[in-house]
Every structure is written in C-alpha cells, then in structure tokens.
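Asks: Structure file start16.txt (compact mmCIF, C-alpha atoms and all ligand atoms) right here:
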# COMPACT_ATOMS: atom_id res chain seq x y z
CA MET M 1 0.00 0.00 0.00
CA ALA M 2 1.36 3.42 -0.90
CA ALA M 3 0.73 6.49 1.17
CA MET M 4 -2.18 8.57 0.02
CA THR M 5 -2.22 12.22 0.95
CA LYS M 6 -5.19 12.72 3.22
CA GLN M 7 -7.61 15.41 2.18
CA ARG M 8 -9.26 17.70 4.66
CA ARG M 9 -12.59 19.26 3.84
CA GLY M 10 -12.30 22.81 2.56
CA GLN M 11 -8.73 22.43 1.29
CA ARG M 12 -8.22 23.22 -2.34
CA MET M 13 -5.91 22.05 -5.12
CA LYS M 14 -4.86 19.13 -2.98
CA SER M 15 -2.40 16.94 -4.74
CA VAL M 16 -2.84 13.23 -4.02
CA LYS M 17 -0.80 10.15 -4.74
CA PRO M 18 -2.41 6.97 -6.05
CA ALA M 19 -2.67 4.21 -3.45
CA VAL M 20 -3.71 0.56 -3.68
CA TYR M 21 -5.24 -1.61 -0.97
CA LEU M 22 -5.70 -5.35 -1.30
CA ILE M 23 -9.02 -5.62 0.53
CA ALA M 24 -10.04 -9.23 -0.19
CA ASN M 25 -8.82 -12.40 -1.82
CA THR M 26 -9.82 -16.03 -2.25
CA GLN M 27 -10.05 -18.29 0.76
CA VAL M 28 -10.40 -22.07 0.57
CA SER M 29 -12.54 -24.16 2.89
CA GLU M 30 -10.41 -26.99 4.24
CA PRO M 31 -13.25 -29.17 5.66
CA ASP M 32 -15.12 -29.01 2.35
CA ILE M 33 -11.98 -29.84 0.39
CA LYS M 34 -11.47 -32.89 2.60
CA GLN M 35 -15.07 -34.00 2.10
CA TRP M 36 -14.80 -33.49 -1.66
CA LEU M 37 -11.52 -35.37 -2.08
CA ASP M 38 -12.63 -38.19 0.23
CA ASP M 39 -15.82 -38.56 -1.83
CA LEU M 40 -13.71 -38.70 -5.01
CA ASP M 41 -11.23 -41.13 -3.51
CA ASP M 42 -12.51 -43.24 -0.62
CA SER M 43 -9.00 -44.51 0.12
CA GLY M 44 -8.32 -41.05 1.57
CA GLN M 45 -5.00 -40.87 -0.30
CA SER M 46 -5.96 -37.93 -2.51
CA TYR M 47 -6.71 -35.70 0.45
CA SER M 48 -3.69 -36.96 2.33
CA ASN M 49 -1.43 -36.27 -0.67
CA TYR M 50 -2.94 -32.82 -1.18
CA HIS M 51 -2.66 -32.05 2.51
CA SER M 52 0.96 -33.10 2.78
CA SER M 53 2.34 -31.76 -0.50
CA ALA M 54 0.28 -28.76 -1.72
CA SER M 55 1.61 -25.41 -0.58
CA GLY M 56 1.00 -21.73 -1.17
CA GLN M 57 -1.63 -19.09 -0.53
CA ASP M 58 -5.31 -20.01 -0.75
CA SER M 59 -5.58 -18.66 -4.32
CA GLU M 60 -2.72 -20.89 -5.37
CA LEU M 61 -4.18 -23.92 -3.58
CA LEU M 62 -7.55 -23.42 -5.23
CA ILE M 63 -6.00 -23.16 -8.69
CA GLU M 64 -3.93 -26.28 -8.11
CA LEU M 65 -7.01 -28.18 -6.90
CA ALA M 66 -9.06 -27.10 -9.93
CA ALA M 67 -6.27 -28.07 -12.31
CA ARG M 68 -5.74 -31.45 -10.63
CA ARG M 69 -9.49 -32.14 -10.86
CA CYS M 70 -9.25 -31.91 -14.66
CA TYR M 71 -7.09 -35.08 -14.86
CA LYS M 72 -7.91 -36.52 -11.43
CA SER M 73 -4.22 -36.19 -10.77
CA PHE M 74 -4.38 -35.97 -6.98
CA VAL M 75 -2.56 -39.24 -6.58
CA PRO M 76 -1.18 -41.83 -9.07
CA GLY M 77 -3.81 -44.37 -10.09
CA LEU M 78 -6.93 -42.40 -9.16
CA ASN M 79 -7.15 -41.91 -12.89
CA ALA M 80 -5.84 -45.18 -14.37
CA ASN M 81 -4.09 -43.17 -17.10
CA VAL M 82 -2.01 -41.24 -14.58
CA THR M 83 0.97 -43.15 -13.21
CA LYS M 84 2.85 -40.24 -11.62
CA VAL M 85 1.92 -36.81 -10.34
CA ARG M 86 3.92 -33.69 -9.54
CA ASP M 87 4.23 -33.22 -5.80
CA ASP M 88 5.84 -29.79 -5.74
CA SER M 89 3.29 -26.97 -5.99
CA LYS M 90 5.72 -24.50 -7.52
CA ASP M 91 6.53 -26.96 -10.31
CA TYR M 92 2.86 -27.72 -10.69
CA HIS M 93 2.07 -24.02 -11.22
CA ALA M 94 5.04 -23.60 -13.57
CA ASN M 95 3.58 -26.39 -15.68
CA ILE M 96 0.11 -24.80 -15.74
CA LEU M 97 1.65 -21.55 -17.00
CA SER M 98 3.93 -23.11 -19.59
CA GLN M 99 1.12 -25.37 -20.86
CA ARG M 100 -1.09 -22.24 -21.09
CA HIS M 101 -3.79 -23.94 -19.02
CA GLY M 102 -4.89 -20.43 -18.04
CA SER M 103 -8.59 -21.08 -17.46
CA VAL M 104 -7.88 -22.59 -14.03
CA LEU M 105 -6.40 -19.26 -12.91
CA SER M 106 -9.84 -17.68 -13.21
CA HIS M 107 -11.11 -19.47 -10.08
CA ALA M 108 -9.12 -17.28 -7.70
CA THR M 109 -9.83 -13.59 -7.31
CA CYS M 110 -8.44 -10.57 -5.53
CA THR M 111 -10.19 -7.29 -4.77
CA TRP M 112 -8.39 -3.96 -4.62
CA SER M 113 -9.39 -0.46 -3.78
CA LEU M 114 -7.54 2.06 -5.92
CA GLU M 115 -7.66 5.50 -4.32
CA GLY M 116 -6.43 8.85 -5.59
CA VAL M 117 -6.54 7.63 -9.17
CA SER M 118 -7.84 9.76 -11.99
CA ARG M 119 -10.80 9.27 -14.23
CA VAL M 120 -8.21 8.93 -16.99
CA LEU M 121 -7.01 5.75 -15.28
CA THR M 122 -10.44 4.37 -14.39
CA HIS M 123 -11.70 4.94 -17.91
CA GLU M 124 -8.77 2.98 -19.32
CA LEU M 125 -9.02 0.23 -16.72
CA VAL M 126 -12.71 -0.54 -17.24
CA ARG M 127 -11.91 -1.40 -20.87
CA ASN M 128 -10.41 -4.60 -19.46
CA SER M 129 -13.84 -6.14 -19.46
CA VAL M 130 -13.07 -9.85 -19.19
CA GLY M 131 -12.66 -11.39 -15.73
CA ASN M 132 -12.92 -8.15 -13.78
CA ALA M 133 -15.57 -6.36 -11.71
CA PHE M 134 -15.60 -2.62 -11.06
CA SER M 135 -17.42 -0.33 -8.62
CA GLN M 136 -16.51 3.26 -9.20
CA GLU M 137 -17.15 6.35 -7.08
CA SER M 138 -20.34 7.98 -8.30
CA MET M 139 -19.76 11.56 -9.31
CA ARG M 140 -23.50 11.84 -9.62
CA TYR M 141 -23.97 11.25 -5.88
CA VAL M 142 -20.71 12.49 -4.38
CA ARG M 143 -20.69 16.29 -4.37
CA LEU M 144 -17.62 18.04 -5.68
CA ASP M 145 -16.36 20.82 -3.48
CA HIS M 146 -12.74 20.52 -4.47
CA ILE M 147 -10.79 18.78 -7.19
CA PRO M 148 -8.21 16.37 -5.77
CA PHE M 149 -5.52 15.78 -8.33
CA TRP M 150 -2.47 13.62 -8.95
CA LEU M 151 0.23 15.67 -10.63
CA PRO M 152 2.27 13.75 -13.21
CA PRO M 153 6.05 14.14 -12.63
CA GLU M 154 6.55 16.18 -15.82
CA ILE M 155 4.06 18.74 -14.54
CA GLU M 156 5.18 18.77 -10.91
CA SER M 157 8.80 19.36 -11.87
CA ASP M 158 8.05 22.22 -14.25
CA PRO M 159 7.10 25.50 -12.48
CA GLU M 160 5.44 27.02 -15.55
CA ALA M 161 3.35 23.89 -16.21
CA MET M 162 2.49 23.71 -12.50
CA ALA M 163 1.25 27.30 -12.59
CA ILE M 164 -1.02 26.50 -15.53
CA PHE M 165 -2.39 23.39 -13.82
CA GLN M 166 -2.88 25.21 -10.50
CA HIS M 167 -4.59 28.16 -12.13
CA THR M 168 -6.94 25.93 -14.12
CA LEU M 169 -7.84 23.70 -11.19
CA LEU M 170 -8.37 26.55 -8.73
CA SER M 171 -10.51 28.34 -11.25
CA LEU M 172 -12.63 25.23 -11.90
CA GLU M 173 -12.98 24.62 -8.16
CA GLY M 174 -14.10 28.21 -7.69
CA GLN M 175 -16.70 27.95 -10.43
CA ILE M 176 -18.06 24.65 -9.10
CA ARG M 177 -18.25 26.12 -5.60
CA LYS M 178 -20.18 29.08 -6.98
CA LEU M 179 -22.65 26.72 -8.62
CA ASN M 180 -23.03 24.71 -5.40
CA ASN M 181 -23.63 27.86 -3.34
CA ARG M 182 -25.85 29.59 -5.85
CA ARG M 183 -29.58 29.72 -5.05
CA TRP M 184 -31.38 27.67 -7.69
CA ARG M 185 -35.00 28.23 -8.59
CA ILE M 186 -36.91 25.14 -7.43
CA LYS M 187 -40.56 24.72 -8.28
CA GLN M 188 -42.45 22.97 -5.46
CA PRO M 189 -45.21 20.38 -6.10
CA ASP M 190 -47.80 22.97 -4.92
CA GLY M 191 -46.62 25.40 -7.62
CA THR M 192 -44.73 27.75 -5.29
CA VAL M 193 -41.11 28.60 -6.02
CA GLU M 194 -38.18 28.43 -3.61
CA TYR M 195 -34.54 29.35 -4.07
CA LYS M 196 -32.11 26.86 -2.59
CA THR M 197 -28.41 26.12 -2.60
CA VAL M 198 -27.43 22.53 -3.37
CA GLY M 199 -26.83 21.95 0.33
CA GLU M 200 -30.40 22.99 1.11
CA MET M 201 -32.03 20.79 -1.55
CA PRO M 202 -33.71 17.42 -0.97
CA PHE M 203 -31.53 14.43 -1.86
CA HIS M 204 -32.94 13.76 -5.33
CA LEU M 205 -32.18 17.36 -6.35
CA LYS M 206 -28.73 17.30 -4.75
CA LYS M 207 -28.02 14.31 -6.98
CA LYS M 208 -29.39 16.06 -10.05
CA TYR M 209 -27.32 19.22 -9.56
CA THR M 210 -24.19 17.32 -8.51
CA SER M 211 -24.46 15.44 -11.76
CA LEU M 212 -24.84 18.66 -13.73
CA PHE M 213 -21.73 20.24 -12.21
CA ARG M 214 -19.49 17.20 -12.66
CA ARG M 215 -19.38 18.14 -16.31
CA LEU M 216 -16.92 20.83 -15.32
CA ALA M 217 -14.60 18.36 -13.59
CA PRO M 218 -11.45 17.47 -15.53
CA ASP M 219 -10.52 13.92 -16.55
CA GLY M 220 -7.60 14.16 -14.13
CA ILE M 221 -9.80 14.46 -11.04
CA ALA M 222 -8.73 11.93 -8.42
CA THR M 223 -11.33 9.39 -7.46
CA GLY M 224 -11.67 5.83 -6.18
CA ILE M 225 -12.59 2.49 -7.69
CA VAL M 226 -12.93 -1.01 -6.24
CA VAL M 227 -11.76 -3.67 -8.68
CA THR M 228 -11.86 -7.43 -8.55
CA HIS M 229 -9.58 -9.33 -10.89
CA ASN M 230 -9.42 -13.03 -11.35
CA MET M 231 -5.80 -14.17 -11.38
CA ARG M 232 -5.78 -14.86 -15.08
CA SER M 233 -6.90 -11.34 -15.92
CA LEU M 234 -4.66 -9.84 -13.23
CA ARG M 235 -1.64 -11.40 -14.97
CA TRP M 236 -2.76 -9.92 -18.27
CA ILE M 237 -3.53 -6.48 -16.82
CA ILE M 238 -0.17 -6.29 -15.06
CA GLU M 239 1.55 -7.19 -18.30
CA GLN M 240 -0.48 -4.83 -20.45
CA ARG M 241 -0.73 -1.89 -18.05
CA THR M 242 2.91 -1.81 -16.90
CA SER M 243 4.16 -1.90 -20.47
CA ARG M 244 6.03 1.24 -21.50
CA ALA M 245 3.34 1.76 -24.15
CA ALA M 246 0.73 2.39 -21.42
CA GLU M 247 -0.04 5.71 -19.70
CA TYR M 248 2.24 6.71 -16.80
CA GLU M 249 -0.39 6.72 -14.04
CA ILE M 250 -1.77 3.25 -14.79
CA ARG M 251 1.80 1.94 -15.03
CA LEU M 252 2.48 3.39 -11.59
CA VAL M 253 -0.65 1.88 -10.04
CA TYR M 254 -0.17 -1.57 -11.58
CA ASN M 255 3.46 -1.51 -10.44
CA LEU M 256 2.19 -1.16 -6.87
CA ILE M 257 -0.19 -4.05 -7.49
CA ALA M 258 2.46 -6.17 -9.26
CA LYS M 259 4.83 -5.87 -6.31
CA ILE M 260 2.12 -7.10 -3.93
CA ALA M 261 1.00 -9.86 -6.32
CA VAL M 262 4.50 -11.22 -6.85
CA SER M 263 5.21 -11.39 -3.13
CA LYS M 264 1.78 -12.65 -2.07
CA TRP M 265 1.27 -15.25 -4.81
CA PRO M 266 4.84 -16.20 -5.78
CA MET M 267 3.78 -19.35 -7.61
CA LEU M 268 1.16 -17.69 -9.76
CA PHE M 269 3.55 -14.90 -10.72
CA GLN M 270 6.77 -16.94 -10.73
CA ASP M 271 7.47 -16.24 -14.41
CA PHE M 272 7.21 -12.44 -14.12
CA GLU M 273 10.37 -10.39 -14.41
CA SER M 274 10.61 -6.74 -13.40
CA VAL M 275 12.41 -4.85 -16.15
CA ASP M 276 13.79 -1.31 -16.18
CA SER M 277 11.53 0.66 -18.52
CA GLY M 278 13.94 3.60 -18.66
CA ASP M 279 11.28 5.82 -17.07
CA GLY M 280 12.10 5.31 -13.39
CA GLU M 281 11.71 2.81 -10.58
CA GLU M 282 8.00 3.41 -9.97
CA VAL M 283 7.09 2.44 -13.51
CA ARG M 284 9.06 -0.71 -14.18
CA GLU M 285 7.74 -3.16 -16.76
CA TRP M 286 6.51 -6.53 -15.48
CA VAL M 287 7.09 -9.04 -18.22
CA PRO M 288 5.94 -12.68 -17.93
CA LYS M 289 7.69 -15.53 -19.67
CA ASN M 290 4.24 -16.90 -20.49
CA SER M 291 2.23 -14.03 -21.89
CA LYS M 292 -1.57 -14.05 -21.64
CA VAL M 293 -2.00 -17.69 -20.54
C1 LIG M 301 -1.21 1.39 -25.00
C2 LIG M 301 -2.70 1.29 -25.18
C3 LIG M 301 -3.36 2.17 -26.00
C4 LIG M 301 -4.74 2.08 -26.19
N1 LIG M 301 -5.38 2.98 -27.00
C5 LIG M 301 -6.72 2.89 -27.18
C6 LIG M 301 -7.42 3.82 -28.02
O1 LIG M 301 -6.83 4.72 -28.59
N2 LIG M 301 -8.77 3.70 -28.16
C7 LIG M 301 -9.46 2.70 -27.55
O2 LIG M 301 -10.67 2.61 -27.72
N3 LIG M 301 -8.83 1.81 -26.74
C8 LIG M 301 -7.50 1.88 -26.55
N4 LIG M 301 -6.86 0.99 -25.73
C9 LIG M 301 -7.66 -0.03 -25.05
C10 LIG M 301 -7.52 -1.40 -25.74
O3 LIG M 301 -7.99 -1.37 -27.06
C11 LIG M 301 -8.30 -2.48 -24.95
O4 LIG M 301 -9.68 -2.19 -25.02
C12 LIG M 301 -7.92 -2.53 -23.50
O5 LIG M 301 -6.53 -2.42 -23.34
C13 LIG M 301 -8.42 -3.82 -22.88
O6 LIG M 301 -7.59 -4.90 -23.26
P1 LIG M 301 -8.18 -6.25 -23.85
O7 LIG M 301 -8.84 -6.02 -25.14
O8 LIG M 301 -7.05 -7.22 -23.85
O9 LIG M 301 -9.37 -6.60 -22.86
P2 LIG M 301 -9.65 -7.66 -21.70
O10 LIG M 301 -11.03 -7.41 -21.27
O11 LIG M 301 -8.58 -7.57 -20.67
O12 LIG M 301 -9.63 -9.01 -22.45
C14 LIG M 301 -8.61 -9.98 -22.30
C15 LIG M 301 -8.50 -10.76 -23.60
O13 LIG M 301 -9.69 -11.50 -23.81
C16 LIG M 301 -9.93 -11.56 -25.23
N5 LIG M 301 -11.19 -10.87 -25.52
C17 LIG M 301 -11.72 -9.82 -24.85
N6 LIG M 301 -12.88 -9.44 -25.40
C18 LIG M 301 -13.09 -10.24 -26.43
C19 LIG M 301 -14.11 -10.32 -27.40
N7 LIG M 301 -15.13 -9.49 -27.40
N8 LIG M 301 -14.01 -11.26 -28.35
C20 LIG M 301 -12.97 -12.12 -28.37
N9 LIG M 301 -11.95 -12.10 -27.48
C21 LIG M 301 -12.01 -11.17 -26.53
C22 LIG M 301 -8.79 -10.86 -25.92
O14 LIG M 301 -7.79 -11.80 -26.21
C23 LIG M 301 -8.33 -9.91 -24.84
O15 LIG M 301 -7.01 -9.46 -25.00
C24 LIG M 301 -5.48 1.07 -25.52
C25 LIG M 301 -4.80 0.18 -24.67
C26 LIG M 301 -3.43 0.28 -24.49
C27 LIG M 301 -2.74 -0.68 -23.54
So, in terms of structure tokens, how does the structure I just supplied come out?
Replies:
Amino acid sequence: MAAMTKQRRGQRMKSVKPAVYLIANTQVSEPDIKQWLDDLDDSGQSYSNYHSSASGQDSELLIELAARRCYKSFVPGLNANVTKVRDDSKDYHANILSQRHGSVLSHATCTWSLEGVSRVLTHELVRNSVGNAFSQESMRYVRLDHIPFWLPPEIESDPEAMAIFQHTLLSLEGQIRKLNNRRWRIKQPDGTVEYKTVGEMPFHLKKKYTSLFRRLAPDGIATGIVVTHNMRSLRWIIEQRTSRAAEYEIRLVYNLIAKIAVSKWPMLFQDFESVDSGDGEEVREWVPKNSKV
C-alpha cells in the first residue's frame, strides 16, 4: 500500500498520490476440500497427498485443486491413465503456466481499492472487461467541493506547467463552488417557487445538480474504484498496463499491485520479471515468460 495524501474538507488544489489496498482475496474451505476429495477417492490418499504436498496461498491452492481435478491427478492411479503426479506446488504451477492452461487461474480472485486515481485511469481500466468487476465512485452522488488531483512528474517538476495546472484547477474549483452555493430556482409540487443552494435541496435534487456540475470536472480528477480481478486477468492487466506503451499513471498503479502480487502469490507470478523501462523505478515493466496464458 502506498501512502495517500489525506484530504481535509475545505482544502483546495490538494495533490494526491495513487494508493492501492488489497481488501479481499480467495479463501479455501479446508473441511469441504477434505469431504470433496474423500468422496472422489474413498481410500483417503488424494486428500492426504494434497494435505501433505500442496503449498502456497489459498488462491494458489484453489487453482492447483481445480487443475488437478481436470485429470484426477491428486494421486497416481486415481485416474488409471495417470501413473505419476507432480508433488511440488511451484513446479505444478510452472507447468500450468507453460502449458497455457490459463482457465484454471480464473477461479481465484483478488479485490483492490484504488484511491487517488484519476478518471483517466479508471476509464482505461474498465476497458479490461473480461474477468474483472468494477465499482466506481459515483460523481453523480458524491458532491464536488474541491478537485483532488495527482500531478504527473513532468508537470510537478516544471514551475510554468504547474502554474497553468494550478490556475486551471483553482478556477474550476471556484466555479463549481459558486454553482453549489448559488440559489437555484426550485418549483415545489404545490406550484410555489423556492430558491435553494445545493446543500439545502432534498436528496434527489442534490443528486441532479451534482451530476450537472461534474461536467466541469477534468478527466484528471482523483477518485476511487474497487476492482476485482481473477488471477488470469490480473496477470494480463499487469503485463499490459505496466508496459512502456501504457499511460504513466496506470503503469504506476499496476506496479504497486504487481509488487504485492509477486510477493503474495509467488507461484502464480513466478514467471514475471521486473524490467527497467527507462522511465524510473515506480514504472518498471513486469514481463511474464508466459504471456496471456
Ligand atoms: C497502449 C494502449 C493504447 C490504447 N489505445 C486505445 C485507443 O486509442 N482507443 C481505444 O478505444 N482503446 C485503446 N486501448 C484499449 C484497448 O484497445 C483495450 O480495449 C484494452 O486495453 C483492454 O484490453 P483487452 O482487449 O485485452 O481486454 P480484456 O477485457 O482484458 O480481455 C482480455 C483478452 O480476452 C480476449 N477478448 C476480450 N474481449 C473479447 C471479445 N469481445 N471477443 C474475443 N476475445 C475477446 C482478448 O484476447 C483480450 O485481450 C489502448 C490500450 C493500451 C494498452
């Protein structure tokens, strides 16, 4: 998790830094696995072999179990065609990846909250439509009173560019605040007219006006999105979105995620190499030996 600059209400032109939080990931149910394997193999050897030899995080265990179910390769002889089985989980996963048996990776999932990321990033990310779920901050419901912003390094390090960004953002914030504080003409059901600021309106009108004003917000506005990736699509997204061809911010965010993924699920990501992209340490490329399994 990277530090995210906290925002206090009322502060303006607050620069934020993207942060990622791994908030959930697959858990296996040991008693149910035992029941399942004992039902498949009443000798009890399949469960005993799994229990003594399989290793790794729950996501990795689940993927190994699903893959072994395909050939009933829990123990030699359970499938008469199988006379030997791999006992080392790392080797087992290496084989899944090199054989491109990628569908089994889709059983395990991980859920992240990405905070302080721009609408530029979220718009790009939601194009990865296969194997992912997204829940994005609603700018229809959440009222804008300031415009949090991540400043790309080229802007932050250039005083003239910074002045242009600051001026534009402060001006937009000022205009949005004016619209929020303005008294809008509201016709009541009984035909009378009242003048209310957004803060004084009933909720359905707050939502309506908030949605109108978001049109003034720039693409760079920092926001939040909860994303769930299955492990197969996470591998692809890390590869695609840390490539030097991708946009800097998404490279930065998926570098944070790649570092966590590689250390948390070392078997699933064992073929990834971190490569210097020439653009700095925070945007390295993560290149798998087995692309898009
Ligand atoms: C550097 C870069 C520049 C880009 N520029 C643009 C741009 O200018 N304009 C623009 O609109 N988009 C652009 N994109 C987005 C890009 O076209 C993809 O929509 C996005 O990257 C999602 O990747 P994906 O297609 O692999 O989708 P995912 O949803 O991650 O799909 C994974 C894989 O599943 C398969 N798949 C997915 N959908 C289908 C399908 N319908 N039928 C068959 N197979 C499927 C494909 O093999 C696909 O690669 C850009 C992306 C990058 C990385």
Asks: Leaving out Thr122 in chain M and any residue of its chain fewer than 6 positions from it, which residues lie within 10 Å of it when counting all atoms listed in the file, given as a PyMOL selection string?
Replies: chain M and resi 114+134+136+219+222-225+227+250
Asks: Could you make a table, as JSON lines, of the residues of chain M that have an atom within 9 Å of an atom of ligand LIG 301 (chain M), each with its nearest atom pair and distance in Å to one decimal, counting all atoms listed in the file, in chain and number order?
Replies:
{"residue": "M:Glu124", "atom": "CA", "partner": "M:LIG301", "partner_atom": "C9", "distance": 6.6}
{"residue": "M:Leu125", "atom": "CA", "partner": "M:LIG301", "partner_atom": "C13", "distance": 7.4}
{"residue": "M:Val126", "atom": "CA", "partner": "M:LIG301", "partner_atom": "C13", "distance": 7.8}
{"residue": "M:Arg127", "atom": "CA", "partner": "M:LIG301", "partner_atom": "C13", "distance": 4.7}
{"residue": "M:Asn128", "atom": "CA", "partner": "M:LIG301", "partner_atom": "O10", "distance": 3.4}
{"residue": "M:Ser129", "atom": "CA", "partner": "M:LIG301", "partner_atom": "O10", "distance": 3.6}
{"residue": "M:Val130", "atom": "CA", "partner": "M:LIG301", "partner_atom": "O10", "distance": 3.8}
{"residue": "M:Gly131", "atom": "CA", "partner": "M:LIG301", "partner_atom": "O10", "distance": 7.0}
{"residue": "M:Asn132", "atom": "CA", "partner": "M:LIG301", "partner_atom": "O10", "distance": 7.8}
{"residue": "M:Ser233", "atom": "CA", "partner": "M:LIG301", "partner_atom": "O11", "distance": 6.3}
{"residue": "M:Leu234", "atom": "CA", "partner": "M:LIG301", "partner_atom": "O11", "distance": 8.7}
{"residue": "M:Trp236", "atom": "CA", "partner": "M:LIG301", "partner_atom": "O11", "distance": 6.7}
{"residue": "M:Ile237", "atom": "CA", "partner": "M:LIG301", "partner_atom": "O11", "distance": 6.4}
{"residue": "M:Gln240", "atom": "CA", "partner": "M:LIG301", "partner_atom": "C27", "distance": 5.6}
{"residue": "M:Arg241", "atom": "CA", "partner": "M:LIG301", "partner_atom": "C27", "distance": 6.0}
{"residue": "M:Thr242", "atom": "CA", "partner": "M:LIG301", "partner_atom": "C27", "distance": 8.8}
{"residue": "M:Ser243", "atom": "CA", "partner": "M:LIG301", "partner_atom": "C27", "distance": 7.7}
{"residue": "M:Arg244", "atom": "CA", "partner": "M:LIG301", "partner_atom": "C1", "distance": 8.0}
{"residue": "M:Ala245", "atom": "CA", "partner": "M:LIG301", "partner_atom": "C1", "distance": 4.6}
{"residue": "M:Ala246", "atom": "CA", "partner": "M:LIG301", "partner_atom": "C1", "distance": 4.2}
{"residue": "M:Glu247", "atom": "CA", "partner": "M:LIG301", "partner_atom": "C1", "distance": 6.9}
{"residue": "M:Lys292", "atom": "CA", "partner": "M:LIG301", "partner_atom": "O15", "distance": 7.9}
Asks: How far is it from CA of Ile221 in chain M to CA of Phe149 in chain M, in Å with one decimal?
Replies: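 CA of Ile221 in chain M sits 5.2 Å away from CA of Phe149 in chain M.
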Asks: From the options M:Ser52, M:Ser157, M:Ser89, M:Gln175, which residue's atoms come nearest to Leu216 in chain M, counting all atoms listed in the file?
Replies: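 Using all atoms listed in the file, the shortest distance to Leu216 in chain M belongs to M:Gln175.
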Asks: CA of Val293 in chain M and CA of Leu97 in chain M are how many Å apart?
Replies: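 These atoms are spaced 6.4 Å apart.
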Asks: Between CA of His146 in chain M and CA of Glu194 in chain M, what is the spacing in Å?
Replies: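 Computing it gives 26.7 Å between the two atoms.
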Asks: M:Asp158, M:Pro218, M:Thr192, M:Phe272: which is nearest Ser171 in chain M, counting all atoms listed in the file?
Replies: M:Pro218
Asks: Given the choices M:Trp150, M:Tyr71, M:Trp36, M:Phe165, which gets closest to Lys17 in chain M if the distance is worked out from all atoms listed in the file?
Replies: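 That would be M:Trp150, the residue with the smallest distance to Lys17 in chain M.
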Asks: I'd like the contact shell of range 199-210 of chain M - 10 Å cut-off, all atoms listed in the file, skipping same-chain residues fewer than 6 positions apart - returned as number ranges by chain.
Replies: M: 139-145, 176, 179-184, 186
Asks: Tell me which of M:Arg185, M:Arg68, M:Val117, M:Ser73 sits closest to His101 in chain M, counting all atoms listed in the file.
Replies: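 Closest to His101 in chain M, using all atoms listed in the file: M:Arg68.
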Asks: Would you mind telling me which residue in M:Leu65, M:Val16, M:Leu212, M:Ile155 lies nearest to Ile33 in chain M when using only C-alpha atoms?
Replies: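 Result for the nearest residue to Ile33 in chain M: M:Leu65.
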Asks: Using only C-alpha atoms, list the residues that have an atom at most 12 Å from (-1.7, -39.4, -11.5), coordinates as in the file, as a CSV table (one decimal) with C-alpha atoms, in the coordinates of the input.
Replies:
chain,number,residue,atom,x,y,z
M,45,GLN,CA,-5.0,-40.9,-0.3
M,46,SER,CA,-6.0,-37.9,-2.5
M,49,ASN,CA,-1.4,-36.3,-0.7
M,68,ARG,CA,-5.7,-31.4,-10.6
M,69,ARG,CA,-9.5,-32.1,-10.9
M,70,CYS,CA,-9.2,-31.9,-14.7
M,71,TYR,CA,-7.1,-35.1,-14.9
M,72,LYS,CA,-7.9,-36.5,-11.4
M,73,SER,CA,-4.2,-36.2,-10.8
M,74,PHE,CA,-4.4,-36.0,-7.0
M,75,VAL,CA,-2.6,-39.2,-6.6
M,76,PRO,CA,-1.2,-41.8,-9.1
M,77,GLY,CA,-3.8,-44.4,-10.1
M,78,LEU,CA,-6.9,-42.4,-9.2
M,79,ASN,CA,-7.2,-41.9,-12.9
M,80,ALA,CA,-5.8,-45.2,-14.4
M,81,ASN,CA,-4.1,-43.2,-17.1
M,82,VAL,CA,-2.0,-41.2,-14.6
M,83,THR,CA,1.0,-43.2,-13.2
M,84,LYS,CA,2.8,-40.2,-11.6
M,85,VAL,CA,1.9,-36.8,-10.3
M,86,ARG,CA,3.9,-33.7,-9.5
M,87,ASP,CA,4.2,-33.2,-5.8
Asks: Given the choices M:Val226, M:Ala163, M:Lys187, M:Ser263, which gets closest to Glu137 in chain M if the distance is worked out from only C-alpha atoms?
Replies: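 Of all the options, M:Val226 lies closest to Glu137 in chain M.
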Asks: Write out as a PyMOL selection string each polymer residue whose atoms come within 9 Å of Leu62 in chain M, counting only C-alpha atoms; drop sequence neighbours fewer than 3 positions from it.
Replies: chain M and resi 26-28+57-59+65-67+104-105+107-108
Asks: Quick one: residues within 10 Å of Gly44 in chain M, all atoms listed in the file, excluding same-chain residues fewer than 5 positions away - as a list in words?
Replies: Lys34, Gln35, Leu37, Asp38, Asp39 and Asn49 of chain M
